[in-house]
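Trainee: File structure.tsv follows (TSV, C-alpha atoms):
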```tsv
chain	number	residue	atom	x	y	z
B	1	MET	CA	22.08	25.66	6.18
B	2	ARG	CA	18.66	26.07	7.80
B	3	GLN	CA	17.02	24.83	4.57
B	4	LYS	CA	19.47	21.92	4.40
B	5	LEU	CA	18.61	20.88	7.96
B	6	ILE	CA	14.89	21.06	7.16
B	7	HIS	CA	15.42	19.08	3.99
B	8	SER	CA	17.42	16.41	5.79
B	9	GLY	CA	14.81	16.29	8.57
B	10	ILE	CA	12.01	15.77	6.05
B	11	HIS	CA	13.96	12.99	4.39
B	12	LEU	CA	14.84	11.14	7.62
B	13	PHE	CA	11.53	11.64	9.44
B	14	ASP	CA	9.78	10.25	6.39
B	15	ARG	CA	12.04	7.23	6.07
B	16	LYS	CA	12.65	6.31	9.70
B	17	GLY	CA	9.91	8.16	11.57
B	18	PHE	CA	10.28	11.14	13.92
B	19	THR	CA	10.87	9.20	17.14
B	20	GLU	CA	13.43	6.90	15.53
B	21	THR	CA	15.46	9.77	14.05
B	22	SER	CA	18.06	11.45	16.27
B	23	ILE	CA	19.55	14.91	15.84
B	24	GLU	CA	22.82	13.08	15.26
B	25	ASP	CA	21.29	11.21	12.29
B	26	ILE	CA	20.47	14.58	10.75
B	27	THR	CA	23.84	16.22	11.42
B	28	ASN	CA	25.69	13.06	10.30
B	29	GLU	CA	23.86	13.10	6.99
B	30	LEU	CA	24.96	16.69	6.39
B	31	GLN	CA	28.41	16.19	7.95
B	32	VAL	CA	27.96	19.13	10.31
B	33	THR	CA	28.23	19.38	14.10
B	34	LYS	CA	25.35	19.22	16.55
B	35	GLY	CA	26.20	22.84	17.39
B	36	THR	CA	25.18	23.77	13.88
B	37	PHE	CA	21.79	22.14	14.44
B	38	TYR	CA	21.23	23.97	17.72
B	39	TYR	CA	22.18	27.27	16.14
B	40	TYR	CA	19.03	27.01	14.00
B	41	PHE	CA	16.64	24.90	16.11
B	42	LYS	CA	16.12	24.59	19.85
B	43	SER	CA	15.13	20.93	19.51
B	44	LYS	CA	14.03	18.13	17.17
B	45	GLN	CA	10.47	19.17	18.08
B	46	GLU	CA	11.12	22.66	16.76
B	47	LEU	CA	12.43	21.23	13.50
B	48	LEU	CA	9.27	19.12	13.17
B	49	ARG	CA	7.15	22.20	13.85
B	50	ASP	CA	8.97	24.18	11.17
B	51	ILE	CA	8.47	21.36	8.65
B	52	HIS	CA	4.74	21.40	9.45
B	53	LEU	CA	4.54	25.18	9.36
B	54	GLY	CA	6.43	25.36	6.08
B	55	TYR	CA	3.98	22.96	4.50
B	56	ILE	CA	0.75	24.51	5.76
B	57	GLU	CA	1.97	28.05	5.06
B	58	PHE	CA	2.80	27.10	1.50
B	59	LEU	CA	-0.77	25.77	1.11
B	60	LEU	CA	-2.30	28.87	2.73
B	61	LYS	CA	-0.30	31.20	0.47
B	62	THR	CA	-1.37	29.35	-2.66
B	63	GLN	CA	-4.95	29.29	-1.39
B	64	GLU	CA	-4.92	33.05	-0.87
B	65	GLU	CA	-4.00	33.61	-4.49
B	66	ILE	CA	-6.91	31.39	-5.55
B	67	LEU	CA	-9.40	33.11	-3.24
B	68	ASN	CA	-8.38	36.58	-4.39
B	69	ASP	CA	-8.39	35.83	-8.10
B	70	PRO	CA	-11.22	38.01	-9.47
B	71	SER	CA	-11.31	36.06	-12.74
B	72	LYS	CA	-12.45	32.86	-10.96
B	73	ASP	CA	-16.01	32.00	-9.94
B	74	SER	CA	-16.60	29.50	-7.12
B	75	ARG	CA	-16.40	26.48	-9.42
B	76	ALA	CA	-13.07	27.63	-10.83
B	77	LYS	CA	-11.82	28.26	-7.31
B	78	LEU	CA	-12.86	24.77	-6.32
B	79	ARG	CA	-11.01	23.32	-9.29
B	80	ALA	CA	-7.89	25.32	-8.46
B	81	THR	CA	-8.05	24.11	-4.85
B	82	ILE	CA	-8.33	20.46	-5.85
B	83	PHE	CA	-5.51	20.87	-8.34
B	84	MET	CA	-3.28	22.62	-5.80
B	85	LEU	CA	-3.71	19.78	-3.31
B	86	ILE	CA	-3.18	16.97	-5.81
B	87	HIS	CA	-0.33	18.77	-7.55
B	88	SER	CA	1.54	19.56	-4.35
B	89	ILE	CA	1.96	15.83	-3.76
B	90	GLN	CA	4.46	15.75	-6.57
B	91	ASN	CA	6.71	18.32	-4.92
B	92	GLN	CA	5.86	17.90	-1.29
B	93	LYS	CA	4.99	14.25	-0.84
B	94	LYS	CA	7.32	13.70	2.10
B	95	SER	CA	6.31	16.91	3.88
B	96	ALA	CA	2.68	15.97	3.44
B	97	ARG	CA	3.19	12.47	4.84
B	98	ILE	CA	5.11	13.77	7.85
B	99	PHE	CA	2.44	16.40	8.30
B	100	PHE	CA	-0.33	13.85	8.74
B	101	ARG	CA	1.62	11.08	10.41
B	102	GLU	CA	3.77	12.89	12.94
B	103	MET	CA	1.14	15.38	14.10
B	104	ARG	CA	0.86	13.61	17.44
B	105	ASN	CA	4.58	14.12	18.09
B	106	LEU	CA	4.18	17.88	18.13
B	107	ALA	CA	4.24	19.60	21.53
B	108	PRO	CA	0.76	20.89	22.55
B	109	GLU	CA	1.58	24.56	21.88
B	110	TYR	CA	3.00	23.72	18.45
B	111	LEU	CA	0.07	21.45	17.70
B	112	GLU	CA	-2.38	24.21	18.51
B	113	GLN	CA	-0.59	26.66	16.22
B	114	ASN	CA	-0.71	24.03	13.52
B	115	MET	CA	-4.37	23.17	14.04
B	116	GLU	CA	-5.35	26.84	13.79
B	117	LYS	CA	-3.73	27.07	10.38
B	118	ARG	CA	-5.27	23.80	9.23
B	119	ASP	CA	-8.69	25.00	10.39
B	120	LEU	CA	-8.17	28.26	8.53
B	121	PHE	CA	-7.33	26.34	5.37
B	122	ARG	CA	-10.46	24.18	5.70
B	123	LYS	CA	-12.69	27.16	6.45
B	124	ASN	CA	-11.36	28.94	3.37
B	125	VAL	CA	-12.40	25.95	1.27
B	126	GLN	CA	-15.79	25.99	2.99
B	127	GLN	CA	-16.05	29.67	2.00
B	128	ILE	CA	-15.75	28.65	-1.66
B	129	VAL	CA	-18.57	26.11	-1.21
B	130	GLU	CA	-20.74	28.75	0.49
B	131	GLU	CA	-19.94	31.29	-2.22
B	132	GLY	CA	-21.04	28.72	-4.80
B	133	ILE	CA	-24.35	28.27	-2.99
B	134	ARG	CA	-24.91	32.04	-2.85
B	135	GLU	CA	-23.97	32.46	-6.50
B	136	GLY	CA	-26.55	29.80	-7.40
B	137	TYR	CA	-24.07	27.25	-8.75
B	138	PHE	CA	-24.38	24.73	-5.90
B	139	GLN	CA	-27.47	23.32	-4.24
B	140	GLU	CA	-28.99	25.50	-1.52
B	141	ASN	CA	-29.49	22.76	1.06
B	142	LEU	CA	-25.85	21.54	1.16
B	143	ASN	CA	-24.17	21.01	4.51
B	144	ALA	CA	-21.16	23.13	3.53
B	145	ASP	CA	-19.06	21.94	6.46
B	146	MET	CA	-19.51	18.21	5.74
B	147	ILE	CA	-19.17	18.70	1.97
B	148	THR	CA	-15.92	20.59	2.50
B	149	ARG	CA	-14.56	17.77	4.63
B	150	GLY	CA	-15.64	15.29	1.95
B	151	ILE	CA	-13.82	17.25	-0.75
B	152	LEU	CA	-10.68	17.42	1.40
B	153	GLY	CA	-11.03	13.66	1.97
B	154	VAL	CA	-10.90	13.00	-1.76
B	155	THR	CA	-7.79	15.14	-2.23
B	156	ASN	CA	-5.94	14.40	1.00
B	157	TRP	CA	-6.41	10.67	0.66
B	158	SER	CA	-4.57	10.79	-2.66
B	159	TYR	CA	-1.35	11.38	-0.69
B	160	TYR	CA	-1.49	7.72	0.25
B	161	TRP	CA	-1.59	6.31	-3.23
B	162	PHE	CA	-1.23	8.84	-6.06
B	163	HIS	CA	1.85	8.69	-8.29
B	164	PRO	CA	1.82	11.62	-10.70
B	165	GLU	CA	4.07	9.66	-13.04
B	166	GLY	CA	1.40	6.93	-13.34
B	167	GLU	CA	-1.19	6.58	-16.09
B	168	VAL	CA	-3.34	9.42	-14.74
B	169	SER	CA	-1.73	12.86	-14.47
B	170	ASP	CA	-2.47	15.39	-11.74
B	171	GLU	CA	-4.49	17.47	-14.23
B	172	GLN	CA	-6.56	14.44	-15.23
B	173	LEU	CA	-7.15	13.35	-11.64
B	174	THR	CA	-8.27	16.90	-10.80
B	175	ASP	CA	-10.83	16.76	-13.63
B	176	ILE	CA	-12.08	13.30	-12.58
B	177	TYR	CA	-12.62	14.42	-8.98
B	178	LEU	CA	-14.04	17.85	-9.86
B	179	GLU	CA	-16.57	16.13	-12.13
B	180	MET	CA	-17.50	13.61	-9.42
B	181	ILE	CA	-17.94	16.35	-6.83
B	182	LEU	CA	-19.89	18.70	-9.12
B	183	ASN	CA	-22.05	16.24	-11.06
B	184	GLY	CA	-21.77	12.86	-9.35
B	185	ILE	CA	-21.35	9.46	-10.96
B	186	ASN	CA	-25.04	8.78	-11.69
B	187	LYS	CA	-25.99	8.49	-15.33
B	188	LYS	CA	-27.81	11.61	-16.46
B	189	GLU	CA	-31.24	11.20	-18.03
O	1	MET	CA	-6.34	-13.13	27.57
O	2	ARG	CA	-5.38	-12.86	23.89
O	3	GLN	CA	-8.23	-10.39	23.35
O	4	LYS	CA	-7.19	-8.43	26.43
O	5	LEU	CA	-3.63	-8.14	25.14
O	6	ILE	CA	-4.92	-6.97	21.76
O	7	HIS	CA	-7.22	-4.49	23.43
O	8	SER	CA	-4.44	-3.11	25.60
O	9	GLY	CA	-2.12	-2.95	22.58
O	10	ILE	CA	-4.70	-0.95	20.61
O	11	HIS	CA	-5.15	1.43	23.51
O	12	LEU	CA	-1.43	2.02	24.11
O	13	PHE	CA	-0.30	2.10	20.46
O	14	ASP	CA	-2.98	4.70	19.82
O	15	ARG	CA	-2.04	6.88	22.79
O	16	LYS	CA	1.74	6.57	22.81
O	17	GLY	CA	2.58	5.21	19.38
O	18	PHE	CA	3.92	1.78	18.45
O	19	THR	CA	7.63	2.55	18.82
O	20	GLU	CA	7.15	4.28	22.16
O	21	THR	CA	5.14	1.42	23.67
O	22	SER	CA	7.06	-1.49	25.21
O	23	ILE	CA	5.78	-5.01	25.84
O	24	GLU	CA	6.22	-4.16	29.50
O	25	ASP	CA	3.80	-1.23	29.18
O	26	ILE	CA	1.20	-3.65	27.89
O	27	THR	CA	1.75	-6.36	30.51
O	28	ASN	CA	1.93	-3.73	33.28
O	29	GLU	CA	-1.44	-2.36	32.27
O	30	LEU	CA	-2.97	-5.82	32.52
O	31	GLN	CA	-0.89	-6.82	35.56
O	32	VAL	CA	0.37	-9.99	33.88
O	33	THR	CA	3.90	-11.30	33.27
O	34	LYS	CA	5.88	-10.92	30.06
O	35	GLY	CA	5.65	-14.71	29.76
O	36	THR	CA	1.91	-14.33	29.31
O	37	PHE	CA	2.50	-11.94	26.42
O	38	TYR	CA	4.96	-14.30	24.72
O	39	TYR	CA	2.56	-17.20	25.12
O	40	TYR	CA	0.22	-15.45	22.67
O	41	PHE	CA	2.55	-13.35	20.51
O	42	LYS	CA	6.09	-13.87	19.29
O	43	SER	CA	6.79	-10.12	19.35
O	44	LYS	CA	5.30	-6.62	19.53
O	45	GLN	CA	5.37	-6.71	15.71
O	46	GLU	CA	3.13	-9.76	15.72
O	47	LEU	CA	0.67	-8.02	18.03
O	48	LEU	CA	0.60	-5.04	15.65
O	49	ARG	CA	0.03	-7.39	12.73
O	50	ASP	CA	-2.87	-9.06	14.53
O	51	ILE	CA	-4.45	-5.68	15.30
O	52	HIS	CA	-4.21	-4.78	11.60
O	53	LEU	CA	-5.46	-8.18	10.46
O	54	GLY	CA	-8.36	-8.08	12.91
O	55	TYR	CA	-9.44	-4.72	11.55
O	56	ILE	CA	-9.15	-5.47	7.83
O	57	GLU	CA	-10.73	-8.91	8.22
O	58	PHE	CA	-13.69	-7.37	10.02
O	59	LEU	CA	-14.12	-4.96	7.08
O	60	LEU	CA	-13.75	-7.74	4.50
O	61	LYS	CA	-16.32	-9.92	6.26
O	62	THR	CA	-18.86	-7.09	6.41
O	63	GLN	CA	-18.10	-6.26	2.80
O	64	GLU	CA	-18.75	-9.85	1.72
O	65	GLU	CA	-22.22	-9.71	3.23
O	66	ILE	CA	-22.92	-6.52	1.30
O	67	LEU	CA	-21.61	-7.91	-1.99
O	68	ASN	CA	-23.62	-11.12	-1.66
O	69	ASP	CA	-26.89	-9.47	-0.69
O	70	PRO	CA	-29.22	-10.24	-3.61
O	71	SER	CA	-31.71	-7.60	-2.48
O	72	LYS	CA	-29.21	-4.78	-3.12
O	73	ASP	CA	-28.47	-3.14	-6.46
O	74	SER	CA	-25.12	-1.39	-7.00
O	75	ARG	CA	-26.34	1.91	-5.54
O	76	ALA	CA	-27.57	0.19	-2.38
O	77	LYS	CA	-24.27	-1.68	-2.14
O	78	LEU	CA	-22.40	1.60	-2.44
O	79	ARG	CA	-24.51	3.13	0.33
O	80	ALA	CA	-23.93	0.11	2.57
O	81	THR	CA	-20.17	0.35	1.94
O	82	ILE	CA	-20.03	4.04	2.82
O	83	PHE	CA	-22.13	3.43	5.93
O	84	MET	CA	-19.99	0.48	7.04
O	85	LEU	CA	-16.82	2.57	6.82
O	86	ILE	CA	-18.23	5.63	8.57
O	87	HIS	CA	-20.04	3.55	11.18
O	88	SER	CA	-17.03	1.42	12.04
O	89	ILE	CA	-15.25	4.55	13.25
O	90	GLN	CA	-17.55	4.59	16.23
O	91	ASN	CA	-16.48	1.12	17.36
O	92	GLN	CA	-13.05	0.84	15.88
O	93	LYS	CA	-11.64	4.33	15.88
O	94	LYS	CA	-8.38	3.39	17.58
O	95	SER	CA	-7.84	0.28	15.43
O	96	ALA	CA	-8.46	2.37	12.35
O	97	ARG	CA	-6.01	5.05	13.40
O	98	ILE	CA	-3.31	2.52	14.23
O	99	PHE	CA	-4.05	0.79	10.95
O	100	PHE	CA	-3.22	3.88	8.91
O	101	ARG	CA	-0.54	5.38	11.09
O	102	GLU	CA	1.59	2.41	12.10
O	103	MET	CA	1.57	0.63	8.75
O	104	ARG	CA	5.21	1.48	8.19
O	105	ASN	CA	6.15	-0.28	11.44
O	106	LEU	CA	4.99	-3.64	10.10
O	107	ALA	CA	7.67	-6.08	8.99
O	108	PRO	CA	7.78	-6.46	5.16
O	109	GLU	CA	6.14	-9.90	5.14
O	110	TYR	CA	3.34	-8.70	7.43
O	111	LEU	CA	2.94	-5.53	5.40
O	112	GLU	CA	2.55	-7.50	2.21
O	113	GLN	CA	-0.14	-9.70	3.77
O	114	ASN	CA	-1.89	-6.56	4.90
O	115	MET	CA	-1.60	-4.80	1.56
O	116	GLU	CA	-3.09	-7.78	-0.25
O	117	LYS	CA	-6.17	-7.62	1.95
O	118	ARG	CA	-6.45	-3.85	1.58
O	119	ASP	CA	-6.17	-4.19	-2.20
O	120	LEU	CA	-8.88	-6.86	-2.13
O	121	PHE	CA	-11.14	-4.54	-0.16
O	122	ARG	CA	-10.58	-1.69	-2.63
O	123	LYS	CA	-11.09	-3.90	-5.66
O	124	ASN	CA	-14.36	-5.16	-4.18
O	125	VAL	CA	-15.55	-1.55	-3.96
O	126	GLN	CA	-14.41	-0.99	-7.53
O	127	GLN	CA	-16.48	-4.03	-8.50
O	128	ILE	CA	-19.58	-2.24	-7.17
O	129	VAL	CA	-18.76	0.83	-9.27
O	130	GLU	CA	-18.25	-1.36	-12.36
O	131	GLU	CA	-21.48	-3.24	-11.66
O	132	GLY	CA	-23.28	0.10	-11.48
O	133	ILE	CA	-21.87	1.09	-14.87
O	134	ARG	CA	-22.96	-2.25	-16.40
O	135	GLU	CA	-26.41	-1.99	-14.84
O	136	GLY	CA	-26.79	1.47	-16.37
O	137	TYR	CA	-26.94	3.39	-13.09
O	138	PHE	CA	-23.55	5.07	-13.36
O	139	GLN	CA	-21.95	6.88	-16.29
O	140	GLU	CA	-20.26	4.66	-18.84
O	141	ASN	CA	-17.06	6.65	-19.18
O	142	LEU	CA	-16.10	6.65	-15.47
O	143	ASN	CA	-12.55	5.77	-14.47
O	144	ALA	CA	-13.73	3.14	-11.96
O	145	ASP	CA	-10.32	2.84	-10.32
O	146	MET	CA	-9.91	6.57	-9.63
O	147	ILE	CA	-13.56	6.99	-8.63
O	148	THR	CA	-13.22	4.11	-6.15
O	149	ARG	CA	-10.14	5.74	-4.61
O	150	GLY	CA	-12.05	9.03	-4.41
O	151	ILE	CA	-14.97	7.35	-2.61
O	152	LEU	CA	-12.58	5.69	-0.17
O	153	GLY	CA	-10.92	9.08	0.36
O	154	VAL	CA	-14.23	10.61	1.46
O	155	THR	CA	-14.92	7.81	3.94
O	156	ASN	CA	-11.40	7.09	5.18
O	157	TRP	CA	-10.64	10.74	5.77
O	158	SER	CA	-13.55	10.90	8.19
O	159	TYR	CA	-11.44	8.86	10.63
O	160	TYR	CA	-9.45	12.01	11.25
O	161	TRP	CA	-12.29	14.25	12.27
O	162	PHE	CA	-15.70	12.54	12.57
O	163	HIS	CA	-17.33	12.30	16.00
O	164	PRO	CA	-20.51	10.22	15.75
O	165	GLU	CA	-21.80	11.93	18.89
O	166	GLY	CA	-21.61	15.34	17.12
O	167	GLU	CA	-24.43	17.16	15.36
O	168	VAL	CA	-24.33	14.89	12.30
O	169	SER	CA	-24.93	11.16	12.87
O	170	ASP	CA	-23.23	8.37	10.94
O	171	GLU	CA	-26.50	7.74	9.04
O	172	GLN	CA	-26.77	11.40	8.09
O	173	LEU	CA	-23.13	11.65	7.04
O	174	THR	CA	-23.59	8.54	4.88
O	175	ASP	CA	-26.53	10.19	3.12
O	176	ILE	CA	-24.66	13.47	2.61
O	177	TYR	CA	-21.69	11.67	1.03
O	178	LEU	CA	-23.75	9.21	-0.99
O	179	GLU	CA	-25.69	12.14	-2.44
O	180	MET	CA	-22.49	14.04	-3.26
O	181	ILE	CA	-20.95	11.00	-4.94
O	182	LEU	CA	-24.10	10.04	-6.89
O	183	ASN	CA	-25.45	13.45	-7.87
O	184	GLY	CA	-22.76	16.01	-7.11
O	185	ILE	CA	-23.17	19.42	-5.51
O	186	ASN	CA	-24.15	21.36	-8.65
O	187	LYS	CA	-27.62	22.85	-8.69
O	188	LYS	CA	-29.89	20.82	-10.94
O	189	GLU	CA	-31.68	22.62	-13.76
```
Could the structure of this file be written out as structure tokens, please?
Mentor:
Amino acid sequence: MRQKLIHSGIHLFDRKGFTETSIEDITNELQVTKGTFYYYFKSKQELLRDIHLGYIEFLLKTQEEILNDPSKDSRAKLRATIFMLIHSIQNQKKSARIFFREMRNLAPEYLEQNMEKRDLFRKNVQQIVEEGIREGYFQENLNADMITRGILGVTNWSYYWFHPEGEVSDEQLTDIYLEMILNGINKKE
Amino acid sequence: MRQKLIHSGIHLFDRKGFTETSIEDITNELQVTKGTFYYYFKSKQELLRDIHLGYIEFLLKTQEEILNDPSKDSRAKLRATIFMLIHSIQNQKKSARIFFREMRNLAPEYLEQNMEKRDLFRKNVQQIVEEGIREGYFQENLNADMITRGILGVTNWSYYWFHPEGEVSDEQLTDIYLEMILNGINKKE
């Protein structure tokens, strides 16, 4: 039931917005009582927090596997990161949208919890960039912080427009963006 | 007065959200009557539309100057585009945030109007990429559409985190991202 409530919350928050969705909308959709809702969540806020946490924890878990994969050098880790972010749109599009759009509706203590995890995710990506500099793959004078935010811009922005069922697949888009980030668009001599 | 109402709308929509802000909140802030509001706008929706239009039309106007500048080749046009987007955060941060966040609160006919202008903006950037390919600056086999969306991802994402008063200025960030997009982060042989 908890998963059903989360699923229904994701669906309704995405379609109507968090503020415009009532707990009754959620319980009506599932044909359960409000008591059922309150058995699992203290409030609509708490449901929103759990949607956010579920999404960011999924990303962090996948990221950990990438970071700890001894068969991958920093470039391969970067590719896997870009692919993970683009690919997760397919499965988690609504969660991702709610994540970015409804952030400001989180209570301060929930928001802080969330920001810490987001920062951790970003710093882990930055670690890959720094590893690549140390390993001699990437340029020494890079601003790793700004480059990391640029890379996340490329991938996160795709949530607004990318349709994996379109003419470019998630694998292809990953390759296009990895190539742009590694080698740029300038013609080589 | 129209400008004051727009300014107050931007401020309140950004802080409280569009749905949570009433026309009364806006007129109270300016200490004017509701009649004053309705003299300039038919509805809160129309105010939101005008905030969006004002923002996208400002970007389109600046873009036109870049595109028609005969002294700029495609690389210089790309730099000017990236700078315009990063720089406009400084002055238009709230408009930009409302633009992306409250899109879904626009009525369908307003949304369509807005989307057309956004598409025009994106296609103008794509034109720069295609010009660069024709002029022999950029690689011939680029997917100009996807590359354009990637470039816009880098710049648009900065709305979420960039503080121009931080340790990296808008000029510096423009150079970091232009360099990444043109030449990539790989170490050159």
Trainee: What is the distance between CA of Thr155 in chain O and CA of Arg49 in chain O, in Å to one decimal?
Mentor: 23.1 Å
Trainee: Find the residue from B:Phe37, B:Phe138, B:Phe99, B:Phe58 that sits nearest to Gly17 in chain B; use all atoms listed in the file when measuring.
Mentor: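 The answer is B:Phe99, which sits nearest to Gly17 in chain B.
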Trainee: Measuring atom to atom with only C-alpha atoms, identify which of B:Ile147, B:Ile23, B:Leu142, B:Leu48 is nearest to Lys187 in chain O.
Mentor: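 When distances to Lys187 in chain O are compared using only C-alpha atoms, the smallest one comes from B:Leu142.
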Trainee: Taking all atoms listed in the file into account and nothing else, which residues of chain O lie no more than 9 Å away from chain B? Please answer as a VMD selection string.
Mentor: chain O and resid 16 to 17 19 to 20 100 to 102 104 132 to 133 136 to 140 142 to 143 146 to 147 149 to 158 161 168 173 176 to 177 179 to 188
Trainee: Pick out the residues sitting within 12 Å of Ile66 in chain B, and hand them over as a PyMOL selection string; count all atoms listed in the file, and ignore anything fewer than 6 positions along from it in its own chain.
Mentor: chain B and resi 59-60+72-84+124-125+127-128
Trainee: Using all atoms listed in the file for the distances, tell me which of O:His52, O:His87, O:Leu47, O:Val32 is nearest to Ser169 in chain O.
Mentor: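 Using all atoms listed in the file, the shortest distance to Ser169 in chain O belongs to O:His87.
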Trainee: Give me, as a ChimeraX atom specification, all polymer residues having an atom no more than 8 Å from Lys94 in chain B, counting only C-alpha atoms and skipping those fewer than 3 positions away in the same chain.
Mentor: /B:10-11,14,97-98
Trainee: Residues at most 12 Å from Glu57 in chain O, counting all atoms listed in the file, excluding those fewer than 3 positions away in the same chain, as a list in words?
Mentor: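 Selected residues are Arg49, Asp50, Ile51, His52, Leu53, Gly54, Leu60, Lys61, Thr62, Gln63, Glu64, Gln113, Asn114, Glu116, Lys117, Arg118, Leu120 and Phe121 of chain O.
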Trainee: Considering all atoms listed in the file, return as a list of chain:residue names whatever protein or nucleic-acid residues lie within 10 Å of Lys4 in chain O, sequence-local ones (same chain, fewer than 5 positions apart) excluded.
Mentor: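 What passes the distance filter is O:Gly9, O:Ile10, O:Ile26, O:Leu30.
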Trainee: Keeping C-alpha atoms, export the residues of the selection given above as a PDB file, in the coordinates of the input.
Mentor:
```pdb
ATOM      1  CA  GLY O   9      -2.120  -2.950  22.580  1.00  0.00           C
ATOM      2  CA  ILE O  10      -4.700  -0.950  20.610  1.00  0.00           C
ATOM      3  CA  ILE O  26       1.200  -3.650  27.890  1.00  0.00           C
ATOM      4  CA  LEU O  30      -2.970  -5.820  32.520  1.00  0.00           C
TER       5      LEU O  30
END
```
